[in-house]
>>> print(open('my_file17.cif').read())   # mmCIF, C-alpha atoms and all ligand atoms
data_my_file
loop_
_atom_site.group_PDB
_atom_site.id
_atom_site.type_symbol
_atom_site.label_atom_id
_atom_site.label_comp_id
_atom_site.auth_asym_id
_atom_site.auth_seq_id
_atom_site.Cartn_x
_atom_site.Cartn_y
_atom_site.Cartn_z
ATOM 1 C CA MET A 1 120.033 128.799 121.414
ATOM 2 C CA LYS A 2 116.513 130.127 121.949
ATOM 3 C CA PHE A 3 116.233 130.973 118.264
ATOM 4 C CA PHE A 4 117.837 127.771 117.018
ATOM 5 C CA LYS A 5 114.598 125.767 116.681
ATOM 6 C CA PRO A 6 112.565 128.452 114.849
ATOM 7 C CA LEU A 7 115.551 129.187 112.587
ATOM 8 C CA LEU A 8 115.916 125.518 111.770
ATOM 9 C CA PHE A 9 112.168 125.292 111.157
ATOM 10 C CA ILE A 10 112.398 128.081 108.583
ATOM 11 C CA GLY A 11 115.685 126.778 107.162
ATOM 12 C CA LEU A 12 114.150 123.411 106.373
ATOM 13 C CA LEU A 13 111.403 125.118 104.387
ATOM 14 C CA LEU A 14 113.931 126.840 102.133
ATOM 15 C CA PRO A 15 114.318 123.927 99.673
ATOM 16 C CA ILE A 16 110.552 124.065 99.056
ATOM 17 C CA ALA A 17 110.652 127.861 98.721
ATOM 18 C CA ASN A 18 113.507 127.492 96.220
ATOM 19 C CA LEU A 19 111.483 124.960 94.228
ATOM 20 C CA PHE A 20 108.499 127.317 94.049
ATOM 21 C CA TYR A 21 110.803 130.171 93.100
ATOM 22 C CA ARG A 22 112.357 128.157 90.271
ATOM 23 C CA GLY A 23 108.873 127.104 89.187
ATOM 24 C CA ALA A 24 107.719 130.727 89.082
ATOM 25 C CA GLN A 25 110.815 131.601 87.014
ATOM 26 C CA ASP A 26 110.038 128.716 84.640
ATOM 27 C CA ASP A 27 113.421 127.305 85.583
ATOM 28 C CA LEU A 28 112.660 123.631 86.184
ATOM 29 C CA THR A 29 114.602 122.250 83.195
ATOM 30 C CA ALA A 30 113.084 120.689 80.072
ATOM 31 C CA ASP A 31 111.531 117.906 82.155
ATOM 32 C CA PRO A 32 110.004 119.601 85.233
ATOM 33 C CA VAL A 33 108.397 116.428 86.633
ATOM 34 C CA GLU A 34 111.688 114.549 86.599
ATOM 35 C CA TYR A 35 113.459 117.565 88.071
ATOM 36 C CA ILE A 36 110.953 117.914 90.948
ATOM 37 C CA LEU A 37 111.030 114.171 91.600
ATOM 38 C CA HIS A 38 114.811 114.160 91.855
ATOM 39 C CA TYR A 39 114.891 117.367 93.866
ATOM 40 C CA THR A 40 112.372 116.175 96.472
ATOM 41 C CA GLY A 41 114.049 112.725 96.563
ATOM 42 C CA LEU A 42 117.458 114.236 97.280
ATOM 43 C CA TRP A 43 116.128 116.552 99.974
ATOM 44 C CA SER A 44 114.234 113.670 101.592
ATOM 45 C CA LEU A 45 117.478 111.741 101.925
ATOM 46 C CA ARG A 46 119.476 114.741 103.132
ATOM 47 C CA ILE A 47 116.957 115.551 105.857
ATOM 48 C CA LEU A 48 116.718 111.896 106.878
ATOM 49 C CA LEU A 49 120.497 111.847 107.358
ATOM 50 C CA LEU A 50 120.343 115.163 109.214
ATOM 51 C CA THR A 51 117.882 113.560 111.660
ATOM 52 C CA LEU A 52 120.369 110.740 112.270
ATOM 53 C CA LEU A 53 123.192 113.219 112.816
ATOM 54 C CA MET A 54 121.524 114.751 115.887
ATOM 55 C CA THR A 55 122.396 111.935 118.333
ATOM 56 C CA PRO A 56 126.158 111.900 117.597
ATOM 57 C CA LEU A 57 126.182 115.708 117.738
ATOM 58 C CA LYS A 58 124.497 115.606 121.140
ATOM 59 C CA ASP A 59 126.951 112.970 122.401
ATOM 60 C CA MET A 60 129.950 114.967 121.211
ATOM 61 C CA THR A 61 128.879 118.405 122.427
ATOM 62 C CA LYS A 62 126.524 117.510 125.326
ATOM 63 C CA GLY A 63 124.117 120.005 123.709
ATOM 64 C CA ALA A 64 120.667 118.703 124.733
ATOM 65 C CA TRP A 65 119.004 120.904 122.131
ATOM 66 C CA PHE A 66 120.166 118.597 119.356
ATOM 67 C CA ILE A 67 117.733 116.057 120.778
ATOM 68 C CA LYS A 68 115.045 118.724 121.185
ATOM 69 C CA VAL A 69 115.070 119.418 117.435
ATOM 70 C CA ARG A 70 115.516 115.797 116.329
ATOM 71 C CA GLY A 71 111.757 115.091 116.245
ATOM 72 C CA MET A 72 111.059 118.199 114.207
ATOM 73 C CA ILE A 73 113.735 117.325 111.645
ATOM 74 C CA GLY A 74 112.368 113.763 111.466
ATOM 75 C CA LEU A 75 108.892 115.136 110.731
ATOM 76 C CA TYR A 76 110.380 117.287 107.989
ATOM 77 C CA ALA A 77 111.987 114.153 106.507
ATOM 78 C CA PHE A 78 108.528 112.541 106.457
ATOM 79 C CA PHE A 79 107.066 115.687 104.896
ATOM 80 C CA TYR A 80 109.649 115.728 102.091
ATOM 81 C CA VAL A 81 109.321 111.991 101.382
ATOM 82 C CA SER A 82 105.508 112.353 101.286
ATOM 83 C CA LEU A 83 105.880 115.250 98.873
ATOM 84 C CA HIS A 84 108.243 113.129 96.759
ATOM 85 C CA LEU A 85 105.641 110.339 96.712
ATOM 86 C CA LEU A 86 102.867 112.818 95.911
ATOM 87 C CA VAL A 87 104.870 114.253 92.995
ATOM 88 C CA TYR A 88 105.290 110.746 91.626
ATOM 89 C CA VAL A 89 101.626 109.753 92.054
ATOM 90 C CA TRP A 90 100.239 113.103 90.918
ATOM 91 C CA LEU A 91 102.546 114.584 88.293
ATOM 92 C CA ASP A 92 104.048 111.375 86.935
ATOM 93 C CA LEU A 93 101.272 108.777 87.270
ATOM 94 C CA ARG A 94 98.268 111.164 87.168
ATOM 95 C CA PHE A 95 96.730 109.299 90.119
ATOM 96 C CA ASP A 96 96.758 106.000 88.286
ATOM 97 C CA PHE A 97 96.851 103.825 91.431
ATOM 98 C CA ALA A 98 96.816 100.581 89.443
ATOM 99 C CA HIS A 99 100.072 101.752 87.814
ATOM 100 C CA LEU A 100 101.495 102.663 91.224
ATOM 101 C CA TRP A 101 100.676 99.192 92.568
ATOM 102 C CA GLU A 102 102.293 97.594 89.517
ATOM 103 C CA ASP A 103 105.416 99.717 90.075
ATOM 104 C CA ILE A 104 105.543 98.729 93.750
ATOM 105 C CA ILE A 105 105.397 95.062 92.809
ATOM 106 C CA LYS A 106 107.598 95.100 89.705
ATOM 107 C CA ARG A 107 110.218 97.792 90.196
ATOM 108 C CA PRO A 108 112.502 96.965 93.138
ATOM 109 C CA TYR A 109 113.620 100.573 93.681
ATOM 110 C CA ILE A 110 109.972 101.658 94.007
ATOM 111 C CA THR A 111 109.279 98.686 96.317
ATOM 112 C CA VAL A 112 112.007 99.707 98.767
ATOM 113 C CA GLY A 113 111.173 103.425 98.503
ATOM 114 C CA PHE A 114 107.531 102.743 99.246
ATOM 115 C CA LEU A 115 108.427 100.446 102.152
ATOM 116 C CA ALA A 116 110.605 103.219 103.577
ATOM 117 C CA TRP A 117 107.710 105.673 103.356
ATOM 118 C CA LEU A 118 105.307 103.145 104.957
ATOM 119 C CA LEU A 119 107.690 102.657 107.888
ATOM 120 C CA LEU A 120 107.878 106.398 108.384
ATOM 121 C CA VAL A 121 104.075 106.733 108.727
ATOM 122 C CA PRO A 122 103.705 105.258 112.269
ATOM 123 C CA MET A 123 106.826 107.133 113.339
ATOM 124 C CA ALA A 124 105.382 110.449 112.151
ATOM 125 C CA ILE A 125 102.019 109.742 113.828
ATOM 126 C CA THR A 126 103.703 108.995 117.161
ATOM 127 C CA ALA A 127 106.221 111.853 117.003
ATOM 128 C CA ASN A 128 104.632 113.835 119.831
ATOM 129 C CA LYS A 129 104.945 114.046 123.612
ATOM 130 C CA LYS A 130 101.564 112.421 124.246
ATOM 131 C CA MET A 131 102.533 109.298 122.283
ATOM 132 C CA ILE A 132 106.008 109.173 123.860
ATOM 133 C CA ARG A 133 104.303 109.020 127.276
ATOM 134 C CA LYS A 134 101.636 106.575 126.163
ATOM 135 C CA LEU A 135 103.927 104.086 124.412
ATOM 136 C CA GLY A 136 106.816 104.201 126.902
ATOM 137 C CA LYS A 137 109.543 101.702 125.946
ATOM 138 C CA LYS A 138 107.646 100.644 122.818
ATOM 139 C CA TRP A 139 108.116 104.169 121.425
ATOM 140 C CA LYS A 140 111.902 103.763 121.351
ATOM 141 C CA THR A 141 111.614 100.379 119.666
ATOM 142 C CA LEU A 142 109.206 101.760 117.045
ATOM 143 C CA HIS A 143 111.446 104.717 116.290
ATOM 144 C CA LYS A 144 114.460 102.456 115.764
ATOM 145 C CA ALA A 145 112.760 101.730 112.411
ATOM 146 C CA ILE A 146 114.551 104.894 111.231
ATOM 147 C CA TYR A 147 117.649 102.694 110.761
ATOM 148 C CA ILE A 148 115.750 100.384 108.399
ATOM 149 C CA VAL A 149 114.252 103.416 106.610
ATOM 150 C CA THR A 150 117.765 104.791 106.042
ATOM 151 C CA ILE A 151 119.040 101.506 104.596
ATOM 152 C CA LEU A 152 115.968 101.232 102.316
ATOM 153 C CA ALA A 153 116.343 104.866 101.192
ATOM 154 C CA CYS A 154 120.008 104.267 100.240
ATOM 155 C CA LEU A 155 119.087 101.059 98.403
ATOM 156 C CA HIS A 156 116.333 102.992 96.574
ATOM 157 C CA PHE A 157 118.858 105.562 95.367
ATOM 158 C CA LEU A 158 121.537 102.993 94.444
ATOM 159 C CA TRP A 159 118.982 100.905 92.555
ATOM 160 C CA LEU A 160 117.491 103.687 90.456
ATOM 161 C CA VAL A 161 120.776 105.178 89.263
ATOM 162 C CA LYS A 162 121.756 103.691 85.943
ATOM 163 C CA ASN A 163 125.286 104.908 85.276
ATOM 164 C CA ASP A 164 127.193 107.059 87.732
ATOM 165 C CA LEU A 165 126.985 105.459 91.176
ATOM 166 C CA LEU A 166 129.197 108.065 92.848
ATOM 167 C CA GLU A 167 126.425 110.269 94.269
ATOM 168 C CA PRO A 168 124.294 107.471 95.793
ATOM 169 C CA LEU A 169 127.498 105.879 97.119
ATOM 170 C CA ILE A 170 128.459 109.115 98.884
ATOM 171 C CA TYR A 171 125.037 109.241 100.604
ATOM 172 C CA ALA A 172 125.249 105.519 101.442
ATOM 173 C CA GLY A 173 128.713 106.139 102.932
ATOM 174 C CA ILE A 174 127.402 108.926 105.180
ATOM 175 C CA ALA A 175 124.479 106.692 106.214
ATOM 176 C CA PHE A 176 126.916 103.858 106.974
ATOM 177 C CA VAL A 177 128.990 106.069 109.292
ATOM 178 C CA LEU A 178 125.860 107.309 111.117
ATOM 179 C CA LEU A 179 124.470 103.780 111.536
ATOM 180 C CA PHE A 180 127.862 102.316 112.503
ATOM 181 C CA TYR A 181 128.094 104.932 115.243
ATOM 182 C CA ARG A 182 124.864 103.510 116.759
ATOM 183 C CA LEU A 183 126.175 99.976 116.479
ATOM 184 C CA ILE A 184 129.306 100.870 118.462
ATOM 185 C CA LYS A 185 127.298 102.914 120.975
ATOM 186 C CA TYR A 186 124.736 100.191 121.679
ATOM 187 C CA SER A 187 127.320 97.423 121.812
ATOM 188 C CA ARG A 188 129.168 99.351 124.516
ATOM 189 C CA SER A 189 126.106 100.097 126.675
HETATM 190 C C1 LIG A 201 112.484 107.369 102.413
HETATM 191 C C2 LIG A 201 111.915 107.338 101.204
HETATM 192 C C3 LIG A 201 112.547 107.859 99.946
HETATM 193 C C4 LIG A 201 113.721 108.544 99.753
HETATM 194 C C5 LIG A 201 114.718 109.017 100.793
HETATM 195 C C6 LIG A 201 113.859 108.768 98.335
HETATM 196 C C7 LIG A 201 114.933 109.380 97.739
HETATM 197 C C8 LIG A 201 115.137 109.470 96.386
HETATM 198 C C9 LIG A 201 116.329 109.961 95.758
HETATM 199 C C10 LIG A 201 117.579 110.449 96.508
HETATM 200 C C11 LIG A 201 116.148 109.932 94.422
HETATM 201 C C12 LIG A 201 117.163 110.280 93.323
HETATM 202 C C13 LIG A 201 117.374 111.726 93.151
HETATM 203 C C14 LIG A 201 118.388 112.002 92.058
HETATM 204 O O1 LIG A 201 118.567 111.184 91.157
HETATM 205 O O2 LIG A 201 118.999 113.076 92.082
HETATM 206 C C15 LIG A 201 114.818 109.432 94.180
HETATM 207 C C16 LIG A 201 114.250 109.276 92.926
HETATM 208 C C17 LIG A 201 113.031 108.710 92.716
HETATM 209 N N1 LIG A 201 112.160 108.239 93.672
HETATM 210 FE FE1 LIG A 201 112.440 108.242 95.662
HETATM 211 N N2 LIG A 201 112.757 108.269 97.683
HETATM 212 C C18 LIG A 201 111.927 107.705 98.628
HETATM 213 C C19 LIG A 201 110.713 107.110 98.413
HETATM 214 C C20 LIG A 201 110.107 107.021 97.196
HETATM 215 C C21 LIG A 201 108.778 106.539 96.974
HETATM 216 C C22 LIG A 201 107.804 106.136 98.076
HETATM 217 C C23 LIG A 201 108.552 106.592 95.617
HETATM 218 C C24 LIG A 201 107.326 106.220 94.834
HETATM 219 C C25 LIG A 201 106.486 105.295 95.187
HETATM 220 C C26 LIG A 201 109.748 107.081 95.000
HETATM 221 C C27 LIG A 201 109.921 107.247 93.642
HETATM 222 C C28 LIG A 201 111.033 107.763 93.033
HETATM 223 C C29 LIG A 201 111.196 107.926 91.584
HETATM 224 C C30 LIG A 201 110.193 107.508 90.509
HETATM 225 C C31 LIG A 201 112.451 108.519 91.388
HETATM 226 C C32 LIG A 201 113.091 108.905 90.039
HETATM 227 C C33 LIG A 201 113.608 107.678 89.374
HETATM 228 C C34 LIG A 201 114.267 107.945 88.014
HETATM 229 O O3 LIG A 201 115.290 108.640 87.957
HETATM 230 O O4 LIG A 201 113.763 107.451 87.036
HETATM 231 N N3 LIG A 201 110.672 107.356 95.982
HETATM 232 N N4 LIG A 201 114.218 109.158 95.384
#
>>> encode(input="my_file17.cif", output="structure tokens")
Amino acid sequence: MKFFKPLLFIGLLLPIANLFYRGAQDDLTADPVEYILHYTGLWSLRILLLTLLMTPLKDMTKGAWFIKVRGMIGLYAFFYVSLHLLVYVWLDLRFDFAHLWEDIIKRPYITVGFLAWLLLVPMAITANKKMIRKLGKKWKTLHKAIYIVTILACLHFLWLVKNDLLEPLIYAGIAFVLLFYRLIKYSRS
């Protein structure tokens, strides 16, 4: 168990390493920007769901270390979403912030994606022991925003897909199970 956290830390860097590797091999499809945008978007969602999986895993196995790594995985989710946003603003929009603002206002899937990222910012800033101590009960309330982030992230995915809804529906289904678990747990306590 001692090596679990460092291994997980390295493991969560592998998608980025793979992206760089594919980039170096010139293997990012005919539309590299779109590929990177989709790749970072998918990994953002996967890692967000992985963060949410830690509590049920802890409850089922009584393994406290699931909670010990939860914060780190959550920070990785923020890192991947920020990268996803950066790819969009940098490679797609060429730092045209007026265009970004227009997208946020006019394209609903960008609106919800951006809102999800905004909600993650205070959570990432307070994801440390000092802030947990300082904020006390408020910390738990603030970090419950992860549930809203998850719903917004699923909406973002469902909204942007034009034809085949299967993939976003699978992710939304997993999110539903993970959120429903909380609902049952809190209603019983
Ligand atoms: C929690 C926050 C977010 C998550 C989890 C997320 C996740 C995703 C996912 C899963 C995809 C689709 C990947 C695929 O089709 O394979 C995607 C695509 C995309 N996302 Fe996000 N995203 C988030 C926030 C944002 C933000 C803040 C922006 C920009 C302001 C953004 C812009 C886009 C764009 C432009 C696409 C591609 C749309 C297209 O296919 O035309 N996302 N994102």
>>> residues_around(input="my_file17.cif", residues="range 111-113 of chain A", least_positions_apart="3", cutoff="9 Å", atoms="all atoms listed in the file", output="MDAnalysis selection string")
chainID A and resid 103:108 116:118 149 152:153 155:157
>>> write_last_selection(input="my_file17.cif", atoms="C-alpha atoms", output="PDB file, in the coordinates of the input")
ATOM      1  CA  ASP A 103     105.416  99.717  90.075  1.00  0.00           C
ATOM      2  CA  ILE A 104     105.543  98.729  93.750  1.00  0.00           C
ATOM      3  CA  ILE A 105     105.397  95.062  92.809  1.00  0.00           C
ATOM      4  CA  LYS A 106     107.598  95.100  89.705  1.00  0.00           C
ATOM      5  CA  ARG A 107     110.218  97.792  90.196  1.00  0.00           C
ATOM      6  CA  PRO A 108     112.502  96.965  93.138  1.00  0.00           C
ATOM      7  CA  ALA A 116     110.605 103.219 103.577  1.00  0.00           C
ATOM      8  CA  TRP A 117     107.710 105.673 103.356  1.00  0.00           C
ATOM      9  CA  LEU A 118     105.307 103.145 104.957  1.00  0.00           C
ATOM     10  CA  VAL A 149     114.252 103.416 106.610  1.00  0.00           C
ATOM     11  CA  LEU A 152     115.968 101.232 102.316  1.00  0.00           C
ATOM     12  CA  ALA A 153     116.343 104.866 101.192  1.00  0.00           C
ATOM     13  CA  LEU A 155     119.087 101.059  98.403  1.00  0.00           C
ATOM     14  CA  HIS A 156     116.333 102.992  96.574  1.00  0.00           C
ATOM     15  CA  PHE A 157     118.858 105.562  95.367  1.00  0.00           C
TER      16      PHE A 157
END
>>> resolve_selection(input="my_file17.cif", expression="the PyMOL selection byres (((chain A and resi 1-8) around 12) and not hetatm)", output="CSV table (one decimal) with C-alpha atoms, in the frame of the given file")
chain,number,residue,atom,x,y,z
A,9,PHE,CA,112.2,125.3,111.2
A,10,ILE,CA,112.4,128.1,108.6
A,11,GLY,CA,115.7,126.8,107.2
A,12,LEU,CA,114.2,123.4,106.4
A,13,LEU,CA,111.4,125.1,104.4
A,14,LEU,CA,113.9,126.8,102.1
A,47,ILE,CA,117.0,115.6,105.9
A,50,LEU,CA,120.3,115.2,109.2
A,63,GLY,CA,124.1,120.0,123.7
A,64,ALA,CA,120.7,118.7,124.7
A,65,TRP,CA,119.0,120.9,122.1
A,66,PHE,CA,120.2,118.6,119.4
A,67,ILE,CA,117.7,116.1,120.8
A,68,LYS,CA,115.0,118.7,121.2
A,69,VAL,CA,115.1,119.4,117.4
A,70,ARG,CA,115.5,115.8,116.3
A,71,GLY,CA,111.8,115.1,116.2
A,72,MET,CA,111.1,118.2,114.2
A,73,ILE,CA,113.7,117.3,111.6
A,76,TYR,CA,110.4,117.3,108.0
>>> resolve_selection(input="my_file17.cif", expression="the PyMOL selection byres (((not hetatm)) within 6 of (chain A and resi 201))", output="number ranges by chain")
A: 37-38, 41-42, 44-45, 81, 85, 88, 110, 113-114, 116-117, 153, 157, 160
>>> closest_residue(input="my_file17.cif", among="A:Asn163, A:Asn18, A:Thr150, A:Ser189", to="Leu52 in chain A", atoms="all atoms listed in the file")
A:Thr150
>>> atom_distance(input="my_file17.cif", atom1="CA of Arg94 in chain A", atom2="CA of Thr40 in chain A")
17.6 Å
>>> resolve_selection(input="my_file17.cif", expression="the PyMOL selection byres (((chain A and resi 122) around 12) and not hetatm)", output="CSV table (one decimal) with C-alpha atoms, keeping the file's coordinate frame")
chain,number,residue,atom,x,y,z
A,75,LEU,CA,108.9,115.1,110.7
A,78,PHE,CA,108.5,112.5,106.5
A,116,ALA,CA,110.6,103.2,103.6
A,117,TRP,CA,107.7,105.7,103.4
A,118,LEU,CA,105.3,103.1,105.0
A,119,LEU,CA,107.7,102.7,107.9
A,120,LEU,CA,107.9,106.4,108.4
A,121,VAL,CA,104.1,106.7,108.7
A,123,MET,CA,106.8,107.1,113.3
A,124,ALA,CA,105.4,110.4,112.2
A,125,ILE,CA,102.0,109.7,113.8
A,126,THR,CA,103.7,109.0,117.2
A,127,ALA,CA,106.2,111.9,117.0
A,128,ASN,CA,104.6,113.8,119.8
A,131,MET,CA,102.5,109.3,122.3
A,139,TRP,CA,108.1,104.2,121.4
A,141,THR,CA,111.6,100.4,119.7
A,142,LEU,CA,109.2,101.8,117.0
A,143,HIS,CA,111.4,104.7,116.3
A,144,LYS,CA,114.5,102.5,115.8
A,145,ALA,CA,112.8,101.7,112.4
A,146,ILE,CA,114.6,104.9,111.2
>>> atom_distance(input="my_file17.cif", atom1="CA of Leu179 in chain A", atom2="CA of Asp164 in chain A")
24.2 Å
>>> atom_distance(input="my_file17.cif", atom1="CA of Tyr181 in chain A", atom2="CA of Thr61 in chain A")
15.3 Å
>>> closest_residue(input="my_file17.cif", among="A:Lys185, A:Asp31, A:Trp101, A:Phe20", to="Val89 in chain A", atoms="only C-alpha atoms")
A:Trp101
>>> residues_around(input="my_file17.cif", residues="Pro32 in chain A", least_positions_apart="6", cutoff="10 Å", atoms="only C-alpha atoms", output="list of chain:residue names")
A:Gly23, A:Asp26, A:His38, A:Leu91
>>> closest_residue(input="my_file17.cif", among="A:Leu93, A:Leu183, A:Leu158, A:Ile148", to="Tyr109 in chain A", atoms="all atoms listed in the file")
A:Leu158
>>> residues_around(input="my_file17.cif", residues="Leu19 in chain A", least_positions_apart="6", cutoff="10 Å", atoms="all atoms listed in the file", output="ChimeraX atom specification")
/A:25,27-28,35-36,39-40
>>> residues_around(input="my_file17.cif", residues="Leu169 in chain A", least_positions_apart="3", cutoff="9 Å", atoms="only C-alpha atoms", output="number ranges by chain")
A: 154, 157-158, 165-166, 172-174
>>> closest_residue(input="my_file17.cif", among="A:Val87, A:Val33, A:Ile151, A:Leu135", to="Leu49 in chain A", atoms="all atoms listed in the file")
A:Ile151
>>> build_atoms(input="my_file17.cif", residues="range 68-79 of chain A", atoms="N, CA and C atoms", output="CSV table (one decimal), in the coordinates of the input")
chain,number,residue,atom,x,y,z
A,68,LYS,N,116.3,118.0,121.2
A,68,LYS,CA,115.0,118.7,121.2
A,68,LYS,C,114.6,119.0,119.8
A,69,VAL,N,115.5,119.1,118.8
A,69,VAL,CA,115.1,119.4,117.4
A,69,VAL,C,115.0,118.2,116.6
A,70,ARG,N,115.5,117.0,117.1
A,70,ARG,CA,115.5,115.8,116.3
A,70,ARG,C,114.1,115.4,115.8
A,71,GLY,N,113.1,115.5,116.7
A,71,GLY,CA,111.8,115.1,116.2
A,71,GLY,C,111.2,116.0,115.1
A,72,MET,N,111.5,117.3,115.2
A,72,MET,CA,111.1,118.2,114.2
A,72,MET,C,111.7,117.9,112.9
A,73,ILE,N,113.0,117.6,112.9
A,73,ILE,CA,113.7,117.3,111.6
A,73,ILE,C,113.2,116.0,111.0
A,74,GLY,N,112.9,115.0,111.9
A,74,GLY,CA,112.4,113.8,111.5
A,74,GLY,C,111.0,114.0,110.8
A,75,LEU,N,110.2,114.9,111.3
A,75,LEU,CA,108.9,115.1,110.7
A,75,LEU,C,109.1,115.8,109.4
A,76,TYR,N,110.1,116.7,109.3
A,76,TYR,CA,110.4,117.3,108.0
A,76,TYR,C,110.8,116.2,107.0
A,77,ALA,N,111.6,115.2,107.4
A,77,ALA,CA,112.0,114.2,106.5
A,77,ALA,C,110.7,113.5,106.0
A,78,PHE,N,109.8,113.2,106.9
A,78,PHE,CA,108.5,112.5,106.5
A,78,PHE,C,107.8,113.4,105.5
A,79,PHE,N,107.8,114.7,105.8
A,79,PHE,CA,107.1,115.7,104.9
A,79,PHE,C,107.7,115.7,103.5
